[in-house]
Amino acid sequence: MTTAALLAALVGALWQGPDDGAGQPGAVRFDPARFDSVTAVALRGVLDSAAAQGLPVAPLLNRAYEGAARRVGGARLLAVVRAQWVALGDAREALGEGASVAELDAGATALRAGIDPRALQAVRTTRPPGEGVTALVVLTDLVRRGVPAATARDAVTTLARLPGADEALLGLQGVVARGAARNPDMAVQALQRYIRGTVPATRAPAGGGPVMRPPTRPPPP
Amino acid sequence: MSDDVFLVPPADDAPEGAAREAALAAWVAAAYAAVPVPSDEAARACADAVWARGQAAGRVGDPAGGGRWRHRWWWGGAAAAALFLVVVTRPAVRQGASGGGTVAPGATPGLAGVQQTRIAVTLPVGARTVTVVGDFNGWDTGATRLSPVGDHGEWAATVPLAPGRHVYAFVVDGVEWRVDPLAPQVPDAGFGPANALIVDGGP
């Protein structure tokens with residue numbers, strides 16, 4: 001029976017069938033050798049739990065690999081992966097069951113950046129399932145650069161309704177990034193200038209554009 | 001076996017979160033450390049016993065030896081069949097299941113949806129090596145090297161990327177982690193800042 005067990009293990013290791021998601025786009029395979037044994041076991045538990053909930057495990061594995069590459073301790077690595085796991089569930093609740101893996105990952109990152117779940121729901125109303133990734137990434141980036149979350153949400157949802165929304169959103173991100181690089185206080189001004197120059201007056205949000213709010217840095221994670 | 005092995009695990013009222021994880025990890029490590037090292041004689045006796053048991057199991061069924069040969073033939077044939085099954089059918093299963101590219105070290109260009117994407121960064125002149133690490137290469141710091149472009153500190157590489165969102169960062173000289181300050185960034189999620197890029201057509 002020992003030989004049979006070894007043979008089964010060999011076949012199982014070589015097969016890596018589709019059930020583990022290895023064949024899915026963006027899929028990654030769990031490699032326990034990249035972690036210490038205690039962390040690997042705990043990580044496996046998190047991944048199994050996430051999979052049992054129907055959540056994608058690739059975003060969690062990617063965070064784990066990132067932590068291993070940065071040589072952070074096992075406890076900190078697990079804390080980050082667990083936080084991302086919880087955020088993935090919250091993102092699915094906010095974005096709906098039809099959200100893509102990339103949307104869930106981007107949404108979870110947005111939530112961990114301190115963005116309100118209602119902002120994710122607002123993005124969902126402007127972009128159909130599978131097409132909201134750019135909006136979520138830009139929303140997170142704007143908040144990270146000091147744009148108040150409500151101002152960023154209004155700007156992103158306004159641009160997301162335009163034809164060619166993704167290009168417009170990435171243009172906004174670039175303008176705000178360059179403005180914030182010169183002076184953090186210029187991030188909001190750059191955003192408002194971009195909105196005024198991009199959005200037709202009939203599509204501008206009520207009040208003539210995003211409301212001016214004092215720029216604030218997002219809270220530390 | 002020494003009583004020292006039976007260490008007391010962290011109490012239920014121990015601190016939550018990372019502190020409890022650390023306490024649990026320390027407890028497991030201590031438990032391993034407390035296992036007494038066997039003497040050479042004991043280890044040899046154990047190995048001999050395992051070997052003898054294996055020999056006895058191999059002779060079961062046919063003391064003359066013919067059964068052993070058939071036994072080995074059977075397992076050899078089974079192993080060959082299993083390998084054939086894996087080698088022949090595995091690629092078909094993967095392509096059928098994915099319908100797109102696989103983001104992994106050695107990702108295959110040409111799979112549906114995979115796009116050759118140029119990743120570049122400008123760094124202060126003086127860097128000797130620059131690599132890009134991210135979701136697309138398993139965060140392997142040696143997988144994707146950038147090449148210098150011109151003499152103004154620009155480094156670039158073309159990477160096959162599957163559709164979707166990819167988080168990445170740059171590693172300079174193998175030790176210093178950097179991000180592109182103007183590209184979309186994701187928050188410091190407990191590790192450090194990183195960039196994000198989107199490849200159209202994602203799932």
# chains A, B, ... in the order shown; residues from 1 in each chain; ligands from 1
>>> residues_around(residues="region 127-139 of chain A", least_positions_apart="4", cutoff="7 Å", atoms="only C-alpha atoms", output="PyMOL selection string")
(chain A and resi 98-100+102-103+106-107+110+123+143+152-153+156+160+166+169-170+173) or (chain B and resi 184+198+203)
>>> write_last_selection(atoms="all heavy atoms", output="short mmCIF file (atom, residue, chain, number, x, y, z; two decimals), in the first residue's frame")
data_model
loop_
_atom_site.label_atom_id
_atom_site.label_comp_id
_atom_site.auth_asym_id
_atom_site.auth_seq_id
_atom_site.Cartn_x
_atom_site.Cartn_y
_atom_site.Cartn_z
N GLY A 98 -21.60 38.79 -9.74
CA GLY A 98 -21.07 38.73 -11.09
C GLY A 98 -19.71 39.36 -11.26
O GLY A 98 -19.16 39.38 -12.37
N ALA A 99 -19.14 39.87 -10.17
CA ALA A 99 -17.84 40.56 -10.28
C ALA A 99 -16.75 39.59 -10.70
O ALA A 99 -16.73 38.43 -10.28
CB ALA A 99 -17.50 41.20 -8.94
N SER A 100 -15.82 40.08 -11.51
CA SER A 100 -14.70 39.25 -11.94
C SER A 100 -13.65 39.15 -10.83
O SER A 100 -13.70 39.91 -9.84
CB SER A 100 -14.05 39.84 -13.19
OG SER A 100 -13.44 41.08 -12.87
N ALA A 102 -10.53 39.96 -11.05
CA ALA A 102 -9.75 41.21 -11.01
C ALA A 102 -10.53 42.32 -10.30
O ALA A 102 -9.95 43.11 -9.55
CB ALA A 102 -9.39 41.63 -12.42
N GLU A 103 -11.83 42.35 -10.52
CA GLU A 103 -12.64 43.36 -9.82
C GLU A 103 -12.66 43.11 -8.32
O GLU A 103 -12.56 44.05 -7.52
CB GLU A 103 -14.06 43.35 -10.37
CG GLU A 103 -14.22 44.03 -11.71
CD GLU A 103 -15.66 44.01 -12.19
OE1 GLU A 103 -16.38 43.04 -11.87
OE2 GLU A 103 -16.07 44.95 -12.89
N ALA A 106 -9.29 44.15 -6.94
CA ALA A 106 -9.17 45.61 -6.91
C ALA A 106 -10.12 46.21 -5.87
O ALA A 106 -9.76 47.17 -5.17
CB ALA A 106 -9.46 46.18 -8.29
N GLY A 107 -11.32 45.64 -5.77
CA GLY A 107 -12.27 46.13 -4.78
C GLY A 107 -11.78 45.89 -3.36
O GLY A 107 -11.92 46.75 -2.47
N ALA A 110 -9.21 48.38 -2.58
CA ALA A 110 -9.84 49.68 -2.33
C ALA A 110 -10.40 49.75 -0.90
O ALA A 110 -10.22 50.75 -0.19
CB ALA A 110 -10.94 49.92 -3.35
N VAL A 123 -19.48 52.57 -8.10
CA VAL A 123 -18.73 52.18 -9.31
C VAL A 123 -19.49 51.10 -10.05
O VAL A 123 -19.57 51.11 -11.29
CB VAL A 123 -17.31 51.72 -8.93
CG1 VAL A 123 -16.62 51.06 -10.11
CG2 VAL A 123 -16.49 52.89 -8.42
N VAL A 143 -7.24 58.12 -3.91
CA VAL A 143 -7.33 58.24 -2.45
C VAL A 143 -5.94 58.11 -1.83
O VAL A 143 -5.59 58.83 -0.89
CB VAL A 143 -8.30 57.18 -1.89
CG1 VAL A 143 -8.26 57.16 -0.37
CG2 VAL A 143 -9.71 57.45 -2.38
N ALA A 152 -13.00 61.65 -4.84
CA ALA A 152 -12.50 60.65 -5.79
C ALA A 152 -13.64 59.81 -6.34
O ALA A 152 -13.71 59.53 -7.55
CB ALA A 152 -11.46 59.77 -5.11
N ARG A 153 -14.56 59.41 -5.48
CA ARG A 153 -15.70 58.59 -5.93
C ARG A 153 -16.53 59.35 -6.95
O ARG A 153 -16.90 58.81 -8.00
CB ARG A 153 -16.56 58.23 -4.72
CG ARG A 153 -17.78 57.38 -5.07
CD ARG A 153 -18.83 57.50 -3.98
NE ARG A 153 -19.28 58.89 -3.85
CZ ARG A 153 -19.76 59.43 -2.74
NH1 ARG A 153 -19.83 58.73 -1.63
NH2 ARG A 153 -20.15 60.70 -2.71
N VAL A 156 -14.61 59.57 -10.27
CA VAL A 156 -14.49 58.28 -10.97
C VAL A 156 -15.83 57.84 -11.55
O VAL A 156 -15.92 57.41 -12.70
CB VAL A 156 -13.92 57.22 -10.01
CG1 VAL A 156 -14.10 55.81 -10.58
CG2 VAL A 156 -12.45 57.49 -9.74
N ALA A 160 -16.58 57.30 -15.42
CA ALA A 160 -16.89 55.91 -15.79
C ALA A 160 -18.13 55.81 -16.66
O ALA A 160 -18.34 54.78 -17.31
CB ALA A 160 -17.07 55.07 -14.53
N ASP A 166 -12.28 54.07 -19.72
CA ASP A 166 -11.02 53.61 -19.14
C ASP A 166 -9.87 54.56 -19.48
O ASP A 166 -9.02 54.86 -18.62
CB ASP A 166 -10.70 52.20 -19.63
CG ASP A 166 -11.55 51.14 -18.93
OD1 ASP A 166 -12.35 51.53 -18.05
OD2 ASP A 166 -11.42 49.95 -19.25
N LEU A 169 -10.25 57.63 -17.38
CA LEU A 169 -9.90 57.37 -15.98
C LEU A 169 -8.37 57.32 -15.81
O LEU A 169 -7.83 57.88 -14.85
CB LEU A 169 -10.52 56.05 -15.53
CG LEU A 169 -12.04 56.10 -15.28
CD1 LEU A 169 -12.62 54.69 -15.23
CD2 LEU A 169 -12.33 56.85 -13.98
N LEU A 170 -7.70 56.65 -16.73
CA LEU A 170 -6.24 56.58 -16.62
C LEU A 170 -5.62 57.95 -16.86
O LEU A 170 -4.58 58.27 -16.27
CB LEU A 170 -5.69 55.55 -17.60
CG LEU A 170 -6.04 54.08 -17.26
CD1 LEU A 170 -5.59 53.14 -18.36
CD2 LEU A 170 -5.43 53.68 -15.92
N GLN A 173 -5.87 59.67 -13.61
CA GLN A 173 -4.86 59.17 -12.68
C GLN A 173 -3.51 59.81 -12.95
O GLN A 173 -2.82 60.24 -12.02
CB GLN A 173 -4.78 57.64 -12.80
CG GLN A 173 -3.85 56.97 -11.81
CD GLN A 173 -2.41 56.99 -12.26
OE1 GLN A 173 -2.11 56.94 -13.46
NE2 GLN A 173 -1.48 57.06 -11.31
N PRO B 184 -0.32 53.94 -11.44
CA PRO B 184 -1.30 53.63 -10.37
C PRO B 184 -0.66 52.80 -9.27
O PRO B 184 0.09 51.86 -9.53
CB PRO B 184 -2.38 52.84 -11.12
CG PRO B 184 -2.29 53.31 -12.53
CD PRO B 184 -0.83 53.58 -12.77
N ILE B 198 -3.31 47.21 -15.58
CA ILE B 198 -4.48 46.49 -16.06
C ILE B 198 -4.25 46.09 -17.50
O ILE B 198 -3.86 46.92 -18.32
CB ILE B 198 -5.74 47.36 -15.96
CG1 ILE B 198 -5.95 47.82 -14.52
CG2 ILE B 198 -6.97 46.61 -16.46
CD1 ILE B 198 -6.59 49.17 -14.42
N PRO B 203 -10.83 38.59 -17.11
CA PRO B 203 -12.02 37.87 -16.67
C PRO B 203 -12.81 38.69 -15.66
O PRO B 203 -12.25 39.54 -15.01
CB PRO B 203 -11.43 36.61 -16.00
CG PRO B 203 -10.07 37.03 -15.55
CD PRO B 203 -9.60 38.02 -16.57
#
>>> select_by_dssp(residues="region 92-137 of chain A", states="alpha helix (DSSP H)", output="PDB file with N, CA, C and O atoms, in the first residue's frame")
ATOM      1  N   ARG A  92     -16.985  41.333  -2.655  1.00  0.00           N
ATOM      2  CA  ARG A  92     -18.004  40.578  -3.392  1.00  0.00           C
ATOM      3  C   ARG A  92     -19.400  41.034  -2.997  1.00  0.00           C
ATOM      4  O   ARG A  92     -20.301  41.131  -3.823  1.00  0.00           O
ATOM      5  N   GLU A  93     -19.554  41.328  -1.710  1.00  0.00           N
ATOM      6  CA  GLU A  93     -20.857  41.805  -1.246  1.00  0.00           C
ATOM      7  C   GLU A  93     -21.193  43.149  -1.887  1.00  0.00           C
ATOM      8  O   GLU A  93     -22.336  43.409  -2.245  1.00  0.00           O
ATOM      9  N   ALA A  94     -20.172  43.997  -2.023  1.00  0.00           N
ATOM     10  CA  ALA A  94     -20.424  45.339  -2.564  1.00  0.00           C
ATOM     11  C   ALA A  94     -20.582  45.317  -4.088  1.00  0.00           C
ATOM     12  O   ALA A  94     -21.408  46.055  -4.632  1.00  0.00           O
ATOM     13  N   LEU A  95     -19.792  44.487  -4.750  1.00  0.00           N
ATOM     14  CA  LEU A  95     -19.780  44.503  -6.219  1.00  0.00           C
ATOM     15  C   LEU A  95     -20.747  43.502  -6.833  1.00  0.00           C
ATOM     16  O   LEU A  95     -21.013  43.570  -8.038  1.00  0.00           O
ATOM     17  N   VAL A 101     -12.730  38.225 -11.022  1.00  0.00           N
ATOM     18  CA  VAL A 101     -11.655  38.066 -10.030  1.00  0.00           C
ATOM     19  C   VAL A 101     -10.851  39.359  -9.907  1.00  0.00           C
ATOM     20  O   VAL A 101     -10.528  39.812  -8.797  1.00  0.00           O
ATOM     21  N   ALA A 102     -10.535  39.965 -11.045  1.00  0.00           N
ATOM     22  CA  ALA A 102      -9.754  41.208 -11.009  1.00  0.00           C
ATOM     23  C   ALA A 102     -10.526  42.317 -10.297  1.00  0.00           C
ATOM     24  O   ALA A 102      -9.947  43.114  -9.552  1.00  0.00           O
ATOM     25  N   GLU A 103     -11.830  42.355 -10.516  1.00  0.00           N
ATOM     26  CA  GLU A 103     -12.642  43.363  -9.823  1.00  0.00           C
ATOM     27  C   GLU A 103     -12.661  43.109  -8.320  1.00  0.00           C
ATOM     28  O   GLU A 103     -12.562  44.053  -7.520  1.00  0.00           O
ATOM     29  N   LEU A 104     -12.806  41.865  -7.944  1.00  0.00           N
ATOM     30  CA  LEU A 104     -12.819  41.553  -6.509  1.00  0.00           C
ATOM     31  C   LEU A 104     -11.492  41.928  -5.859  1.00  0.00           C
ATOM     32  O   LEU A 104     -11.458  42.492  -4.759  1.00  0.00           O
ATOM     33  N   ASP A 105     -10.403  41.608  -6.539  1.00  0.00           N
ATOM     34  CA  ASP A 105      -9.086  41.927  -5.996  1.00  0.00           C
ATOM     35  C   ASP A 105      -8.910  43.439  -5.882  1.00  0.00           C
ATOM     36  O   ASP A 105      -8.458  43.964  -4.847  1.00  0.00           O
ATOM     37  N   ALA A 106      -9.288  44.152  -6.942  1.00  0.00           N
ATOM     38  CA  ALA A 106      -9.174  45.610  -6.909  1.00  0.00           C
ATOM     39  C   ALA A 106     -10.118  46.213  -5.872  1.00  0.00           C
ATOM     40  O   ALA A 106      -9.762  47.172  -5.171  1.00  0.00           O
ATOM     41  N   GLY A 107     -11.316  45.640  -5.769  1.00  0.00           N
ATOM     42  CA  GLY A 107     -12.265  46.130  -4.777  1.00  0.00           C
ATOM     43  C   GLY A 107     -11.783  45.891  -3.356  1.00  0.00           C
ATOM     44  O   GLY A 107     -11.916  46.749  -2.474  1.00  0.00           O
ATOM     45  N   ALA A 108     -11.208  44.715  -3.127  1.00  0.00           N
ATOM     46  CA  ALA A 108     -10.678  44.418  -1.794  1.00  0.00           C
ATOM     47  C   ALA A 108      -9.541  45.380  -1.441  1.00  0.00           C
ATOM     48  O   ALA A 108      -9.450  45.864  -0.306  1.00  0.00           O
ATOM     49  N   THR A 109      -8.705  45.662  -2.409  1.00  0.00           N
ATOM     50  CA  THR A 109      -7.612  46.606  -2.163  1.00  0.00           C
ATOM     51  C   THR A 109      -8.162  48.001  -1.863  1.00  0.00           C
ATOM     52  O   THR A 109      -7.642  48.705  -0.992  1.00  0.00           O
ATOM     53  N   ALA A 110      -9.214  48.378  -2.577  1.00  0.00           N
ATOM     54  CA  ALA A 110      -9.837  49.680  -2.327  1.00  0.00           C
ATOM     55  C   ALA A 110     -10.396  49.748  -0.904  1.00  0.00           C
ATOM     56  O   ALA A 110     -10.215  50.746  -0.194  1.00  0.00           O
ATOM     57  N   LEU A 111     -11.054  48.693  -0.495  1.00  0.00           N
ATOM     58  CA  LEU A 111     -11.620  48.681   0.862  1.00  0.00           C
ATOM     59  C   LEU A 111     -10.506  48.779   1.899  1.00  0.00           C
ATOM     60  O   LEU A 111     -10.645  49.477   2.909  1.00  0.00           O
ATOM     61  N   ARG A 112      -9.412  48.087   1.655  1.00  0.00           N
ATOM     62  CA  ARG A 112      -8.299  48.135   2.610  1.00  0.00           C
ATOM     63  C   ARG A 112      -7.609  49.493   2.609  1.00  0.00           C
ATOM     64  O   ARG A 112      -6.879  49.816   3.537  1.00  0.00           O
ATOM     65  N   PRO A 117     -17.528  50.860   1.257  1.00  0.00           N
ATOM     66  CA  PRO A 117     -18.156  49.903   0.334  1.00  0.00           C
ATOM     67  C   PRO A 117     -19.191  50.552  -0.573  1.00  0.00           C
ATOM     68  O   PRO A 117     -19.410  50.101  -1.702  1.00  0.00           O
ATOM     69  N   ARG A 118     -19.811  51.646  -0.098  1.00  0.00           N
ATOM     70  CA  ARG A 118     -20.810  52.308  -0.947  1.00  0.00           C
ATOM     71  C   ARG A 118     -20.163  52.924  -2.186  1.00  0.00           C
ATOM     72  O   ARG A 118     -20.806  53.065  -3.221  1.00  0.00           O
ATOM     73  N   ALA A 119     -18.890  53.286  -2.063  1.00  0.00           N
ATOM     74  CA  ALA A 119     -18.192  53.798  -3.242  1.00  0.00           C
ATOM     75  C   ALA A 119     -18.014  52.689  -4.281  1.00  0.00           C
ATOM     76  O   ALA A 119     -18.102  52.941  -5.490  1.00  0.00           O
ATOM     77  N   LEU A 120     -17.780  51.477  -3.804  1.00  0.00           N
ATOM     78  CA  LEU A 120     -17.690  50.354  -4.735  1.00  0.00           C
ATOM     79  C   LEU A 120     -19.036  50.095  -5.407  1.00  0.00           C
ATOM     80  O   LEU A 120     -19.109  49.801  -6.607  1.00  0.00           O
ATOM     81  N   GLN A 121     -20.089  50.207  -4.616  1.00  0.00           N
ATOM     82  CA  GLN A 121     -21.423  50.021  -5.196  1.00  0.00           C
ATOM     83  C   GLN A 121     -21.706  51.102  -6.239  1.00  0.00           C
ATOM     84  O   GLN A 121     -22.337  50.835  -7.270  1.00  0.00           O
ATOM     85  N   ALA A 122     -21.235  52.326  -5.955  1.00  0.00           N
ATOM     86  CA  ALA A 122     -21.431  53.414  -6.923  1.00  0.00           C
ATOM     87  C   ALA A 122     -20.686  53.114  -8.219  1.00  0.00           C
ATOM     88  O   ALA A 122     -21.200  53.367  -9.319  1.00  0.00           O
ATOM     89  N   VAL A 123     -19.478  52.569  -8.105  1.00  0.00           N
ATOM     90  CA  VAL A 123     -18.732  52.185  -9.305  1.00  0.00           C
ATOM     91  C   VAL A 123     -19.485  51.099 -10.054  1.00  0.00           C
ATOM     92  O   VAL A 123     -19.570  51.113 -11.292  1.00  0.00           O
ATOM     93  N   ARG A 124     -20.045  50.165  -9.317  1.00  0.00           N
ATOM     94  CA  ARG A 124     -20.781  49.071  -9.953  1.00  0.00           C
ATOM     95  C   ARG A 124     -21.957  49.576 -10.781  1.00  0.00           C
ATOM     96  O   ARG A 124     -22.279  49.035 -11.846  1.00  0.00           O
ATOM     97  N   THR A 125     -22.596  50.629 -10.302  1.00  0.00           N
ATOM     98  CA  THR A 125     -23.744  51.145 -11.040  1.00  0.00           C
ATOM     99  C   THR A 125     -23.325  51.788 -12.364  1.00  0.00           C
ATOM    100  O   THR A 125     -24.165  51.952 -13.253  1.00  0.00           O
ATOM    101  N   THR A 126     -22.047  52.157 -12.469  1.00  0.00           N
ATOM    102  CA  THR A 126     -21.608  52.826 -13.694  1.00  0.00           C
ATOM    103  C   THR A 126     -20.941  51.875 -14.675  1.00  0.00           C
ATOM    104  O   THR A 126     -20.829  52.206 -15.847  1.00  0.00           O
ATOM    105  N   VAL A 133     -12.659  47.287 -13.392  1.00  0.00           N
ATOM    106  CA  VAL A 133     -11.333  47.178 -12.770  1.00  0.00           C
ATOM    107  C   VAL A 133     -10.606  48.518 -12.811  1.00  0.00           C
ATOM    108  O   VAL A 133     -10.057  48.974 -11.806  1.00  0.00           O
ATOM    109  N   THR A 134     -10.595  49.141 -13.981  1.00  0.00           N
ATOM    110  CA  THR A 134      -9.861  50.401 -14.103  1.00  0.00           C
ATOM    111  C   THR A 134     -10.426  51.448 -13.148  1.00  0.00           C
ATOM    112  O   THR A 134      -9.665  52.175 -12.486  1.00  0.00           O
ATOM    113  N   ALA A 135     -11.731  51.529 -13.065  1.00  0.00           N
ATOM    114  CA  ALA A 135     -12.343  52.511 -12.163  1.00  0.00           C
ATOM    115  C   ALA A 135     -11.924  52.255 -10.718  1.00  0.00           C
ATOM    116  O   ALA A 135     -11.606  53.193  -9.967  1.00  0.00           O
ATOM    117  N   LEU A 136     -11.885  51.000 -10.320  1.00  0.00           N
ATOM    118  CA  LEU A 136     -11.514  50.677  -8.941  1.00  0.00           C
ATOM    119  C   LEU A 136     -10.036  50.970  -8.681  1.00  0.00           C
ATOM    120  O   LEU A 136      -9.674  51.478  -7.614  1.00  0.00           O
ATOM    121  N   VAL A 137      -9.203  50.643  -9.652  1.00  0.00           N
ATOM    122  CA  VAL A 137      -7.768  50.914  -9.491  1.00  0.00           C
ATOM    123  C   VAL A 137      -7.512  52.413  -9.395  1.00  0.00           C
ATOM    124  O   VAL A 137      -6.743  52.885  -8.543  1.00  0.00           O
TER     125      VAL A 137
END
>>> closest_residue(among="B:Val133, B:Val159, B:Ala30, B:Leu146", to="chain A", atoms="only C-alpha atoms")
B:Val133
>>> residues_around(residues="Gly67 (chain A)", least_positions_apart="4", cutoff="7 Å", atoms="only C-alpha atoms", output="VMD selection string")
(chain A and resid 63 71 to 72 77) or (chain B and resid 191)
>>> write_last_selection(atoms="C-alpha atoms", output="CSV table (one decimal), in the first residue's frame")
chain,number,residue,atom,x,y,z
A,63,ARG,CA,-0.1,38.6,-1.5
A,71,ARG,CA,11.0,38.6,3.4
A,72,VAL,CA,8.4,39.6,6.0
A,77,LEU,CA,2.3,37.7,6.1
B,191,PHE,CA,4.3,44.9,3.0
>>> closest_residue(among="B:Val199, B:Arg44, B:Val179, B:Thr141", to="Gly113 (chain B)", atoms="only C-alpha atoms")
B:Val199
>>> atom_distance(atom1="CA of Ala162 (chain B)", atom2="CA of Gly138 (chain B)")
13.3 Å
>>> closest_residue(among="A:Ile195, A:Leu88, A:Ala52, A:Ala68", to="chain B", atoms="only C-alpha atoms")
A:Ala68
>>> closest_residue(among="A:Leu55, A:Ala64, A:Gly45, A:Asp36", to="Asp135 (chain B)", atoms="only C-alpha atoms")
A:Ala64
>>> closest_residue(among="B:Asp140, B:Asp48, B:Glu41, B:Asp151", to="chain A", atoms="only C-alpha atoms")
B:Asp140
>>> decode(residues="region 177-190 of chain B", atoms="N, CA, C and O atoms", output="JSON list (two decimals), in the first residue's frame")
[["chain", "number", "residue", "atom", "x", "y", "z"],
["B", 177, "TRP", "N", 13.56, 47.87, -2.89],
["B", 177, "TRP", "CA", 12.26, 47.79, -3.54],
["B", 177, "TRP", "C", 11.80, 49.19, -3.91],
["B", 177, "TRP", "O", 11.81, 50.09, -3.06],
["B", 178, "ARG", "N", 11.36, 49.36, -5.16],
["B", 178, "ARG", "CA", 10.93, 50.67, -5.64],
["B", 178, "ARG", "C", 9.60, 50.54, -6.37],
["B", 178, "ARG", "O", 9.25, 49.46, -6.87],
["B", 179, "VAL", "N", 8.88, 51.66, -6.45],
["B", 179, "VAL", "CA", 7.67, 51.70, -7.27],
["B", 179, "VAL", "C", 7.80, 52.85, -8.25],
["B", 179, "VAL", "O", 8.58, 53.77, -8.03],
["B", 180, "ASP", "N", 7.03, 52.75, -9.31],
["B", 180, "ASP", "CA", 6.94, 53.85, -10.26],
["B", 180, "ASP", "C", 6.04, 54.91, -9.62],
["B", 180, "ASP", "O", 4.86, 54.66, -9.38],
["B", 181, "PRO", "N", 6.58, 56.11, -9.36],
["B", 181, "PRO", "CA", 5.78, 57.08, -8.59],
["B", 181, "PRO", "C", 4.57, 57.61, -9.34],
["B", 181, "PRO", "O", 3.62, 58.10, -8.71],
["B", 182, "LEU", "N", 4.58, 57.53, -10.66],
["B", 182, "LEU", "CA", 3.47, 58.09, -11.42],
["B", 182, "LEU", "C", 2.45, 57.05, -11.87],
["B", 182, "LEU", "O", 1.36, 57.40, -12.28],
["B", 183, "ALA", "N", 2.79, 55.79, -11.82],
["B", 183, "ALA", "CA", 1.84, 54.74, -12.22],
["B", 183, "ALA", "C", 0.84, 54.50, -11.10],
["B", 183, "ALA", "O", 1.10, 54.85, -9.94],
["B", 184, "PRO", "N", -0.32, 53.94, -11.44],
["B", 184, "PRO", "CA", -1.30, 53.63, -10.37],
["B", 184, "PRO", "C", -0.66, 52.80, -9.27],
["B", 184, "PRO", "O", 0.09, 51.86, -9.53],
["B", 185, "GLN", "N", -0.97, 53.19, -8.05],
["B", 185, "GLN", "CA", -0.37, 52.50, -6.90],
["B", 185, "GLN", "C", -1.45, 51.86, -6.06],
["B", 185, "GLN", "O", -2.60, 52.31, -6.02],
["B", 186, "VAL", "N", -1.08, 50.80, -5.40],
["B", 186, "VAL", "CA", -1.96, 50.18, -4.41],
["B", 186, "VAL", "C", -1.40, 50.53, -3.03],
["B", 186, "VAL", "O", -0.20, 50.78, -2.90],
["B", 187, "PRO", "N", -2.26, 50.58, -2.05],
["B", 187, "PRO", "CA", -1.78, 51.02, -0.74],
["B", 187, "PRO", "C", -0.77, 50.05, -0.13],
["B", 187, "PRO", "O", -0.67, 48.89, -0.53],
["B", 188, "ASP", "N", -0.05, 50.56, 0.80],
["B", 188, "ASP", "CA", 0.88, 49.72, 1.55],
["B", 188, "ASP", "C", 0.06, 48.73, 2.35],
["B", 188, "ASP", "O", -0.50, 49.06, 3.39],
["B", 189, "ALA", "N", -0.05, 47.52, 1.83],
["B", 189, "ALA", "CA", -0.92, 46.52, 2.45],
["B", 189, "ALA", "C", -0.20, 45.72, 3.53],
["B", 189, "ALA", "O", -0.43, 44.55, 3.70],
["B", 190, "GLY", "N", 0.69, 46.37, 4.23],
["B", 190, "GLY", "CA", 1.41, 45.68, 5.27],
["B", 190, "GLY", "C", 2.78, 45.23, 4.83],
["B", 190, "GLY", "O", 3.59, 44.80, 5.64]]
